[in-house]
Amino acid sequence: MYAWWASLAFLSQGISSGFAADTDAWKSRNIYFALTDRVARGSDDTGGDACGDLSNYCGGTFQGLQSKLDYIVGMGFDAIWITPIVANTDGGYHGYWAADLYSINSNYGTADDLKSLVSAAHDKGIYVMVDVVANHVGPSAIEDHQPEPLNQDSSYHTQCDINYSDQNSVENCWIANLPDLNTQSSDIRSLYQKWISWLVTEYDFDGVRIDTVKHVEKDYWPEFSAAAGVYTIGEVFDGDPNYVSGYGSLMSGLLNYPMYYPMNSFYQQTGSSQAMVDMHNQISSLFPDPTALGSFLDNHDNPRWLNTKNDLSLLKNALAYVILARGIPIVYYGTEQAYAGGADPANREDLWRSSFNTNSEIYQAISRLSAARKSAGGLGGDDQTHLYVADTAYAWSRAGGRLVVLTTNSGLGSTGSYCFDTQVANGSWNNTFGTGSYASDADGNVCISVSNGEPVVLLAA
């Protein structure tokens, strides 16, 4: 009976959306991750003073986000990931403290405002991914939670502190003192499967990002993901590919935390390009579909990239990797304005303080990188070839050599010439990130000049 119902939910979603929002469709997408409370305060928001308290609501709304869709499209993004939209307990500006699964967070607007946002996004060819939490609820009295039986103590595990060396404790104890759902209960599983199917269908979402995946037992996730009926990408906050890959077949994709660490180490000048390549290859052997993983360089749970390494040229190289290497790119809002906030909540700055500047250096850099991804065919395949692995450089190709990318980690002001085999004899490319063109010889060799430490993005002429 359940399988029939899940299939029906999937089919109805496919019909209502007008998009084929399955895993394959998402692989060539380019995602902008937006905290709804921090993007724009209304449909006429053109900028203003910075929010005075980043630990509480700052005033961002669905209408505000809708008004900035062109700003987002201007960077080449064709998908947005928005933070949870359900009604939260007091202070849950971020959305992760659910109070009532079937009500909308009124601080962001109304249900109709949300539907208008999704509809407007679809009109512009943008997928919308909603963030959800199935591990815990917000920090308020149990009897205040909805729907039933979430207002009953039996719906939760007994409170305990997490021992991260014990997986049972990770799954059954309370993260940050938040009531931990009794996800082993068939009633809770059924409730959440019914809810996620309703949520996706009611608001016409194209994808689901799942929070705190490692804090729930593994056999919970396949049916939850199936009930969603669209692409699901989970957060397993851990850098060990052997651990994270254990969740790889439970949903459509995962955030690529295993690559997050060596990638940032290389581009922030603390690690090697070889470690990055080794991790890429390890992921190839461990995960069922590496192309369904989400690539990122920072997010709301980690200090912003520039907070760790304040060098715009290095950031551009890291962004070139995220957007043009294997996987689905995810860029955190504010990156385009060179935000450099530290740990939560400092990394959750409001966007309006930037006056939504579309001429900023990183906004323009992201736009060029996204254009290259699109011009190369969307880059949804598992076709990355390592071309050059050196102390201060890493180059790769995609799409059979149609795209060649050279990145370095020497930083702002650095120059150099890098010679390597493109594996394309007598090829010719244009540098779409900078200027100039390049040609390989009969053996495929090319020498590329780097200026000011910026990446070189070559597209076949």
# chains A, B, ... in the order shown; residues from 1 in each chain; ligands from 1
>>> residues_around(residues="Gly401 (chain A)", least_positions_apart="3", cutoff="12 Å", atoms="only C-alpha atoms", output="MDAnalysis selection string")
chainID A and resid 376 379 383:387 395:398 404:405 421:429 440 444 457:461
>>> select_by_dssp(residues="region 175-250 of chain A", states="alpha helix (DSSP H)", output="PyMOL selection string")
chain A and resi 186-203+221-228+241-244
>>> residues_around(residues="region 47-49 of chain A", least_positions_apart="2", cutoff="10 Å", atoms="only C-alpha atoms", output="list in words")
Ala40, Arg41, Asp44, Asp45, Cys51, Gly52, Asp350, Leu351, Trp352, Arg353, Ser354, Ser355, Phe356 and Asn357 of chain A
>>> closest_residue(among="A:Gln274, A:Gln364, A:Asn256, A:Ser28", to="Ile233 (chain A)", atoms="only C-alpha atoms")
A:Asn256
>>> select_by_dssp(residues="region 290-454 of chain A", states="strand (DSSP E)", output="PyMOL selection string")
chain A and resi 294-295+328-332+385-389+393-398+403-408+416-421+428-431+437-439+445-450
>>> atom_distance(atom1="CA of Trp305 (chain A)", atom2="CA of Ala340 (chain A)")
6.8 Å
>>> residues_around(residues="Tyr102 (chain A)", least_positions_apart="3", cutoff="10 Å", atoms="only C-alpha atoms", output="PDB file with N, CA and C atoms, in the first residue's frame")
ATOM      1  N   ILE A  85      10.635  26.470   6.078  1.00  0.00           N
ATOM      2  CA  ILE A  85       9.548  27.462   5.962  1.00  0.00           C
ATOM      3  C   ILE A  85       8.430  27.256   6.986  1.00  0.00           C
ATOM      4  N   VAL A  86       8.540  26.210   7.809  1.00  0.00           N
ATOM      5  CA  VAL A  86       7.453  25.920   8.755  1.00  0.00           C
ATOM      6  C   VAL A  86       7.492  26.881   9.941  1.00  0.00           C
ATOM      7  N   ALA A  87       6.335  27.016  10.619  1.00  0.00           N
ATOM      8  CA  ALA A  87       6.262  27.841  11.823  1.00  0.00           C
ATOM      9  C   ALA A  87       7.265  27.342  12.851  1.00  0.00           C
ATOM     10  N   ALA A  98      11.282  23.795  14.366  1.00  0.00           N
ATOM     11  CA  ALA A  98       9.877  23.612  14.002  1.00  0.00           C
ATOM     12  C   ALA A  98       8.959  23.612  15.221  1.00  0.00           C
ATOM     13  N   ALA A  99       7.808  24.259  15.043  1.00  0.00           N
ATOM     14  CA  ALA A  99       6.751  24.241  16.060  1.00  0.00           C
ATOM     15  C   ALA A  99       5.474  23.617  15.516  1.00  0.00           C
ATOM     16  N   ASN A 105       5.954  29.921   8.623  1.00  0.00           N
ATOM     17  CA  ASN A 105       6.571  30.906   9.511  1.00  0.00           C
ATOM     18  C   ASN A 105       6.086  32.299   9.112  1.00  0.00           C
ATOM     19  N   GLN A 146       2.950  20.857  17.086  1.00  0.00           N
ATOM     20  CA  GLN A 146       1.885  20.357  16.215  1.00  0.00           C
ATOM     21  C   GLN A 146       2.497  19.757  14.949  1.00  0.00           C
ATOM     22  N   PRO A 147       1.794  18.812  14.312  1.00  0.00           N
ATOM     23  CA  PRO A 147       0.495  18.255  14.693  1.00  0.00           C
ATOM     24  C   PRO A 147       0.643  17.136  15.728  1.00  0.00           C
ATOM     25  N   TRP A 195       3.718  14.197   5.764  1.00  0.00           N
ATOM     26  CA  TRP A 195       3.969  15.638   5.736  1.00  0.00           C
ATOM     27  C   TRP A 195       4.880  16.045   4.572  1.00  0.00           C
ATOM     28  N   TRP A 198       3.040  15.982   1.344  1.00  0.00           N
ATOM     29  CA  TRP A 198       2.113  17.124   1.277  1.00  0.00           C
ATOM     30  C   TRP A 198       2.866  18.419   1.003  1.00  0.00           C
ATOM     31  N   LEU A 199       3.982  18.631   1.701  1.00  0.00           N
ATOM     32  CA  LEU A 199       4.736  19.884   1.581  1.00  0.00           C
ATOM     33  C   LEU A 199       5.218  20.099   0.149  1.00  0.00           C
TER      34      LEU A 199
END
>>> residues_around(residues="Gly271 (chain A)", least_positions_apart="2", cutoff="12 Å", atoms="only C-alpha atoms", output="VMD selection string")
chain A and resid 261 to 269 273 to 277 390 to 393 409
>>> write_last_selection(atoms="N, CA, C and O atoms", output="CSV table (one decimal), in the first residue's frame")
chain,number,residue,atom,x,y,z
A,261,TYR,N,36.7,19.7,3.0
A,261,TYR,CA,37.9,19.9,3.8
A,261,TYR,C,39.2,20.0,2.9
A,261,TYR,O,39.9,21.0,3.0
A,262,PRO,N,39.5,19.0,2.1
A,262,PRO,CA,40.8,19.1,1.3
A,262,PRO,C,40.7,20.2,0.3
A,262,PRO,O,41.7,20.8,0.0
A,263,MET,N,39.5,20.4,-0.3
A,263,MET,CA,39.4,21.5,-1.3
A,263,MET,C,39.7,22.9,-0.6
A,263,MET,O,40.6,23.6,-1.1
A,264,ASN,N,39.1,23.1,0.5
A,264,ASN,CA,39.4,24.4,1.2
A,264,ASN,C,40.9,24.5,1.7
A,264,ASN,O,41.5,25.5,1.7
A,265,SER,N,41.4,23.3,2.1
A,265,SER,CA,42.8,23.3,2.6
A,265,SER,C,43.7,23.7,1.4
A,265,SER,O,44.7,24.5,1.6
A,266,PHE,N,43.5,23.2,0.2
A,266,PHE,CA,44.4,23.6,-0.9
A,266,PHE,C,44.2,25.1,-1.3
A,266,PHE,O,45.2,25.8,-1.3
A,267,TYR,N,43.0,25.5,-1.5
A,267,TYR,CA,42.8,26.9,-1.9
A,267,TYR,C,43.1,27.9,-0.8
A,267,TYR,O,43.2,29.1,-1.1
A,268,GLN,N,43.1,27.5,0.4
A,268,GLN,CA,43.5,28.4,1.5
A,268,GLN,C,44.9,28.2,1.9
A,268,GLN,O,45.3,28.7,3.0
A,269,GLN,N,45.7,27.5,1.1
A,269,GLN,CA,47.2,27.4,1.2
A,269,GLN,C,47.6,26.6,2.4
A,269,GLN,O,48.7,26.8,2.9
A,273,SER,N,47.2,19.9,-3.5
A,273,SER,CA,46.3,19.6,-4.6
A,273,SER,C,46.1,18.1,-4.7
A,273,SER,O,45.1,17.5,-5.1
A,274,GLN,N,47.2,17.3,-4.4
A,274,GLN,CA,47.2,15.9,-4.4
A,274,GLN,C,46.1,15.3,-3.5
A,274,GLN,O,45.4,14.3,-3.8
A,275,ALA,N,46.0,15.9,-2.3
A,275,ALA,CA,45.0,15.4,-1.3
A,275,ALA,C,43.6,15.6,-1.9
A,275,ALA,O,42.7,14.8,-1.6
A,276,MET,N,43.4,16.7,-2.6
A,276,MET,CA,42.1,17.0,-3.2
A,276,MET,C,41.8,15.9,-4.3
A,276,MET,O,40.7,15.4,-4.4
A,277,VAL,N,42.8,15.6,-5.1
A,277,VAL,CA,42.7,14.6,-6.1
A,277,VAL,C,42.4,13.2,-5.5
A,277,VAL,O,41.6,12.5,-6.0
A,390,ALA,N,50.0,19.9,-9.1
A,390,ALA,CA,51.3,20.4,-8.7
A,390,ALA,C,51.2,21.1,-7.3
A,390,ALA,O,50.1,21.2,-6.8
A,391,ASP,N,52.4,21.5,-6.8
A,391,ASP,CA,52.4,22.1,-5.5
A,391,ASP,C,51.4,23.2,-5.3
A,391,ASP,O,50.7,23.4,-4.3
A,392,THR,N,51.3,24.1,-6.3
A,392,THR,CA,50.5,25.3,-6.2
A,392,THR,C,49.4,25.4,-7.3
A,392,THR,O,48.8,26.4,-7.5
A,393,ALA,N,49.2,24.3,-8.0
A,393,ALA,CA,48.2,24.3,-9.1
A,393,ALA,C,47.5,23.0,-9.2
A,393,ALA,O,48.0,21.9,-8.9
A,409,ASN,N,46.9,28.2,-6.1
A,409,ASN,CA,46.7,28.7,-4.8
A,409,ASN,C,47.8,29.6,-4.3
A,409,ASN,O,48.1,29.7,-3.1
>>> residues_around(residues="region 118-134 of chain A", least_positions_apart="2", cutoff="9 Å", atoms="only C-alpha atoms", output="PyMOL selection string")
chain A and resi 17-19+21+26+29+31+66+69-70+73+77-86+95-98+113-116+136-137+181+183+192+196+200+203-213+216+231-232
>>> write_last_selection(atoms="N, CA and C atoms", output="compact mmCIF listing (two decimals), in the first residue's frame")
# COMPACT_ATOMS: atom_id res chain seq x y z
N SER A 17 4.45 20.25 -11.04
CA SER A 17 5.58 21.16 -11.12
C SER A 17 5.82 21.69 -12.51
N GLY A 18 5.65 20.87 -13.51
CA GLY A 18 6.03 21.27 -14.85
C GLY A 18 7.51 21.07 -15.08
N PHE A 19 8.25 20.71 -14.05
CA PHE A 19 9.67 20.40 -14.13
C PHE A 19 9.87 18.91 -13.88
N ALA A 21 11.91 17.25 -11.92
CA ALA A 21 12.86 17.55 -10.86
C ALA A 21 13.42 16.29 -10.20
N TRP A 26 18.64 17.60 -11.67
CA TRP A 26 19.36 18.48 -10.74
C TRP A 26 20.87 18.51 -11.01
N ARG A 29 22.20 21.57 -12.57
CA ARG A 29 21.74 22.81 -11.96
C ARG A 29 22.88 23.49 -11.18
N ILE A 31 23.14 25.97 -7.76
CA ILE A 31 22.26 26.31 -6.64
C ILE A 31 22.78 27.51 -5.84
N GLN A 66 11.55 36.85 -3.54
CA GLN A 66 11.00 36.83 -4.90
C GLN A 66 11.49 38.04 -5.70
N LEU A 69 14.98 37.53 -7.42
CA LEU A 69 15.24 36.40 -8.32
C LEU A 69 16.09 36.82 -9.52
N ASP A 70 15.87 38.01 -10.05
CA ASP A 70 16.69 38.47 -11.17
C ASP A 70 18.13 38.70 -10.73
N VAL A 73 19.52 35.19 -10.71
CA VAL A 73 19.69 34.71 -12.08
C VAL A 73 20.88 35.41 -12.75
N PHE A 77 22.62 31.39 -11.64
CA PHE A 77 21.99 30.32 -10.86
C PHE A 77 20.63 29.97 -11.45
N ASP A 78 20.31 28.69 -11.47
CA ASP A 78 19.00 28.24 -11.94
C ASP A 78 18.32 27.34 -10.92
N ALA A 79 18.74 27.48 -9.65
CA ALA A 79 18.08 26.80 -8.53
C ALA A 79 18.37 27.58 -7.27
N ILE A 80 17.42 27.58 -6.34
CA ILE A 80 17.66 28.17 -5.03
C ILE A 80 17.28 27.15 -3.96
N TRP A 81 18.06 27.15 -2.91
CA TRP A 81 17.78 26.35 -1.71
C TRP A 81 17.40 27.36 -0.65
N ILE A 82 16.18 27.22 -0.12
CA ILE A 82 15.71 28.12 0.93
C ILE A 82 15.62 27.38 2.26
N THR A 83 15.87 28.09 3.33
CA THR A 83 15.83 27.52 4.67
C THR A 83 14.40 27.10 5.03
N PRO A 84 14.23 26.29 6.08
CA PRO A 84 12.90 25.75 6.40
C PRO A 84 11.83 26.82 6.53
N ILE A 85 10.64 26.47 6.08
CA ILE A 85 9.55 27.46 5.96
C ILE A 85 8.43 27.26 6.99
N VAL A 86 8.54 26.21 7.81
CA VAL A 86 7.45 25.92 8.75
C VAL A 86 7.49 26.88 9.94
N GLY A 95 14.80 28.91 10.84
CA GLY A 95 13.82 27.95 10.38
C GLY A 95 13.96 26.53 10.89
N TYR A 96 15.03 26.25 11.62
CA TYR A 96 15.32 24.86 12.01
C TYR A 96 14.69 24.46 13.34
N TRP A 97 13.86 25.31 13.93
CA TRP A 97 13.20 25.01 15.20
C TRP A 97 11.70 24.87 14.98
N ALA A 98 11.28 23.80 14.37
CA ALA A 98 9.88 23.61 14.00
C ALA A 98 8.96 23.61 15.22
N ASP A 113 2.25 33.85 -0.18
CA ASP A 113 3.53 34.49 -0.54
C ASP A 113 4.54 33.44 -0.97
N LEU A 114 4.58 32.32 -0.25
CA LEU A 114 5.51 31.24 -0.60
C LEU A 114 5.16 30.65 -1.95
N LYS A 115 3.87 30.42 -2.19
CA LYS A 115 3.46 29.88 -3.49
C LYS A 115 3.80 30.85 -4.62
N SER A 116 3.67 32.13 -4.35
CA SER A 116 4.01 33.14 -5.34
C SER A 116 5.51 33.12 -5.64
N HIS A 136 14.62 16.63 14.83
CA HIS A 136 14.27 17.32 16.07
C HIS A 136 13.26 18.42 15.79
N VAL A 137 12.76 19.01 16.88
CA VAL A 137 11.86 20.14 16.78
C VAL A 137 12.44 21.30 17.60
N LEU A 181 13.29 13.63 18.01
CA LEU A 181 12.13 12.82 17.64
C LEU A 181 12.42 11.33 17.76
N THR A 183 12.29 8.65 16.08
CA THR A 183 12.16 8.29 14.67
C THR A 183 12.04 6.78 14.45
N TYR A 192 5.78 11.93 9.29
CA TYR A 192 6.73 12.73 8.51
C TYR A 192 6.71 12.39 7.02
N ILE A 196 5.98 15.31 4.34
CA ILE A 196 6.91 15.74 3.29
C ILE A 196 6.26 15.60 1.92
N VAL A 200 5.82 19.06 -0.43
CA VAL A 200 6.35 19.17 -1.78
C VAL A 200 5.23 19.45 -2.78
N TYR A 203 3.34 23.09 -2.21
CA TYR A 203 4.09 24.30 -2.59
C TYR A 203 4.89 24.13 -3.87
N ASP A 204 4.75 22.96 -4.50
CA ASP A 204 5.36 22.73 -5.81
C ASP A 204 6.88 22.80 -5.77
N PHE A 205 7.47 22.29 -4.69
CA PHE A 205 8.93 22.29 -4.58
C PHE A 205 9.55 21.27 -5.53
N ASP A 206 10.77 21.56 -5.96
CA ASP A 206 11.48 20.71 -6.91
C ASP A 206 12.54 19.84 -6.27
N GLY A 207 12.89 20.15 -5.03
CA GLY A 207 13.92 19.39 -4.33
C GLY A 207 13.80 19.61 -2.84
N VAL A 208 14.44 18.73 -2.07
CA VAL A 208 14.40 18.79 -0.61
C VAL A 208 15.82 18.62 -0.07
N ARG A 209 16.25 19.57 0.75
CA ARG A 209 17.51 19.43 1.48
C ARG A 209 17.16 18.94 2.87
N ILE A 210 17.84 17.91 3.34
CA ILE A 210 17.51 17.28 4.62
C ILE A 210 18.61 17.56 5.64
N ASP A 211 18.21 18.16 6.75
CA ASP A 211 19.13 18.54 7.82
C ASP A 211 19.49 17.33 8.70
N THR A 212 20.63 17.40 9.36
CA THR A 212 21.05 16.47 10.43
C THR A 212 20.78 14.99 10.12
N VAL A 213 21.18 14.55 8.94
CA VAL A 213 20.88 13.18 8.51
C VAL A 213 21.54 12.13 9.40
N VAL A 216 19.81 10.51 12.64
CA VAL A 216 18.65 9.62 12.53
C VAL A 216 19.12 8.28 11.99
N TYR A 231 14.20 15.15 -5.97
CA TYR A 231 15.60 15.05 -5.55
C TYR A 231 15.75 15.44 -4.09
N THR A 232 16.42 14.61 -3.32
CA THR A 232 16.70 14.90 -1.91
C THR A 232 18.21 14.89 -1.69
>>> atom_distance(atom1="CA of Ile188 (chain A)", atom2="CA of Glu235 (chain A)")
20.5 Å
>>> closest_residue(among="A:Tyr57, A:Phe62, A:Tyr394, A:Phe224", to="Asn135 (chain A)", atoms="only C-alpha atoms")
A:Phe224
>>> closest_residue(among="A:Gly400, A:Gln193, A:Gly246, A:Asp382", to="Glu223 (chain A)", atoms="only C-alpha atoms")
A:Gln193
>>> residues_around(residues="region 317-321 of chain A", least_positions_apart="4", cutoff="7 Å", atoms="only C-alpha atoms", output="count of residues only")
8
>>> atom_distance(atom1="CA of Thr23 (chain A)", atom2="CA of Gly229 (chain A)")
10.5 Å
>>> decode(residues="region 359-370 of chain A", atoms="all heavy atoms", output="short mmCIF file (atom, residue, chain, number, x, y, z; two decimals), in the first residue's frame")
data_model
loop_
_atom_site.label_atom_id
_atom_site.label_comp_id
_atom_site.auth_asym_id
_atom_site.auth_seq_id
_atom_site.Cartn_x
_atom_site.Cartn_y
_atom_site.Cartn_z
N ASN A 359 27.60 44.76 -9.48
CA ASN A 359 28.91 45.06 -10.08
C ASN A 359 30.06 44.65 -9.18
O ASN A 359 31.22 44.91 -9.52
CB ASN A 359 29.01 46.56 -10.39
CG ASN A 359 28.05 46.98 -11.48
OD1 ASN A 359 27.95 46.34 -12.52
ND2 ASN A 359 27.31 48.06 -11.24
N SER A 360 29.78 44.01 -8.06
CA SER A 360 30.85 43.62 -7.16
C SER A 360 31.75 42.57 -7.83
O SER A 360 31.32 41.83 -8.72
CB SER A 360 30.29 43.06 -5.85
OG SER A 360 29.63 41.83 -6.06
N GLU A 361 32.98 42.52 -7.40
CA GLU A 361 33.99 41.68 -8.05
C GLU A 361 33.61 40.21 -8.05
O GLU A 361 33.73 39.52 -9.06
CB GLU A 361 35.33 41.90 -7.34
CG GLU A 361 36.50 41.19 -7.98
CD GLU A 361 37.83 41.53 -7.34
OE1 GLU A 361 37.89 42.51 -6.54
OE2 GLU A 361 38.82 40.82 -7.63
N ILE A 362 33.11 39.72 -6.91
CA ILE A 362 32.79 38.29 -6.83
C ILE A 362 31.46 37.98 -7.51
O ILE A 362 31.29 36.90 -8.09
CB ILE A 362 32.82 37.81 -5.37
CG1 ILE A 362 34.19 38.09 -4.74
CG2 ILE A 362 32.53 36.31 -5.29
CD1 ILE A 362 35.37 37.43 -5.47
N TYR A 363 30.50 38.89 -7.47
CA TYR A 363 29.26 38.70 -8.23
C TYR A 363 29.60 38.46 -9.70
O TYR A 363 29.09 37.53 -10.34
CB TYR A 363 28.35 39.92 -8.08
CG TYR A 363 26.99 39.80 -8.75
CD1 TYR A 363 25.85 39.53 -8.01
CD2 TYR A 363 26.84 39.97 -10.13
CE1 TYR A 363 24.60 39.42 -8.60
CE2 TYR A 363 25.60 39.86 -10.75
CZ TYR A 363 24.49 39.58 -9.97
OH TYR A 363 23.25 39.46 -10.58
N GLN A 364 30.48 39.29 -10.23
CA GLN A 364 30.85 39.17 -11.64
C GLN A 364 31.65 37.89 -11.90
O GLN A 364 31.49 37.25 -12.94
CB GLN A 364 31.65 40.41 -12.07
CG GLN A 364 30.83 41.69 -12.11
CD GLN A 364 29.76 41.66 -13.19
OE1 GLN A 364 29.97 41.15 -14.27
NE2 GLN A 364 28.59 42.20 -12.88
N ALA A 365 32.50 37.52 -10.95
CA ALA A 365 33.28 36.29 -11.10
C ALA A 365 32.37 35.06 -11.14
O ALA A 365 32.54 34.17 -11.98
CB ALA A 365 34.29 36.17 -9.96
N ILE A 366 31.40 35.02 -10.23
CA ILE A 366 30.45 33.90 -10.21
C ILE A 366 29.67 33.85 -11.52
O ILE A 366 29.45 32.77 -12.08
CB ILE A 366 29.50 34.02 -9.00
CG1 ILE A 366 30.28 33.80 -7.69
CG2 ILE A 366 28.35 33.02 -9.11
CD1 ILE A 366 29.48 34.12 -6.44
N SER A 367 29.26 34.99 -12.02
CA SER A 367 28.52 35.04 -13.27
C SER A 367 29.33 34.43 -14.42
O SER A 367 28.79 33.66 -15.23
CB SER A 367 28.16 36.49 -13.59
OG SER A 367 27.46 36.58 -14.80
N ARG A 368 30.62 34.73 -14.49
CA ARG A 368 31.46 34.18 -15.55
C ARG A 368 31.65 32.68 -15.40
O ARG A 368 31.63 31.93 -16.39
CB ARG A 368 32.82 34.90 -15.58
CG ARG A 368 32.73 36.36 -15.97
CD ARG A 368 34.07 36.94 -16.38
NE ARG A 368 35.07 36.90 -15.33
CZ ARG A 368 35.21 37.83 -14.39
NH1 ARG A 368 34.38 38.87 -14.34
NH2 ARG A 368 36.16 37.74 -13.48
N LEU A 369 31.84 32.23 -14.17
CA LEU A 369 32.01 30.79 -13.93
C LEU A 369 30.74 30.03 -14.27
O LEU A 369 30.78 28.95 -14.88
CB LEU A 369 32.41 30.55 -12.48
CG LEU A 369 33.80 31.08 -12.06
CD1 LEU A 369 33.96 31.01 -10.55
CD2 LEU A 369 34.91 30.29 -12.76
N SER A 370 29.59 30.58 -13.88
CA SER A 370 28.31 29.93 -14.17
C SER A 370 28.05 29.87 -15.67
O SER A 370 27.51 28.88 -16.18
CB SER A 370 27.17 30.67 -13.47
OG SER A 370 27.32 30.65 -12.07
#
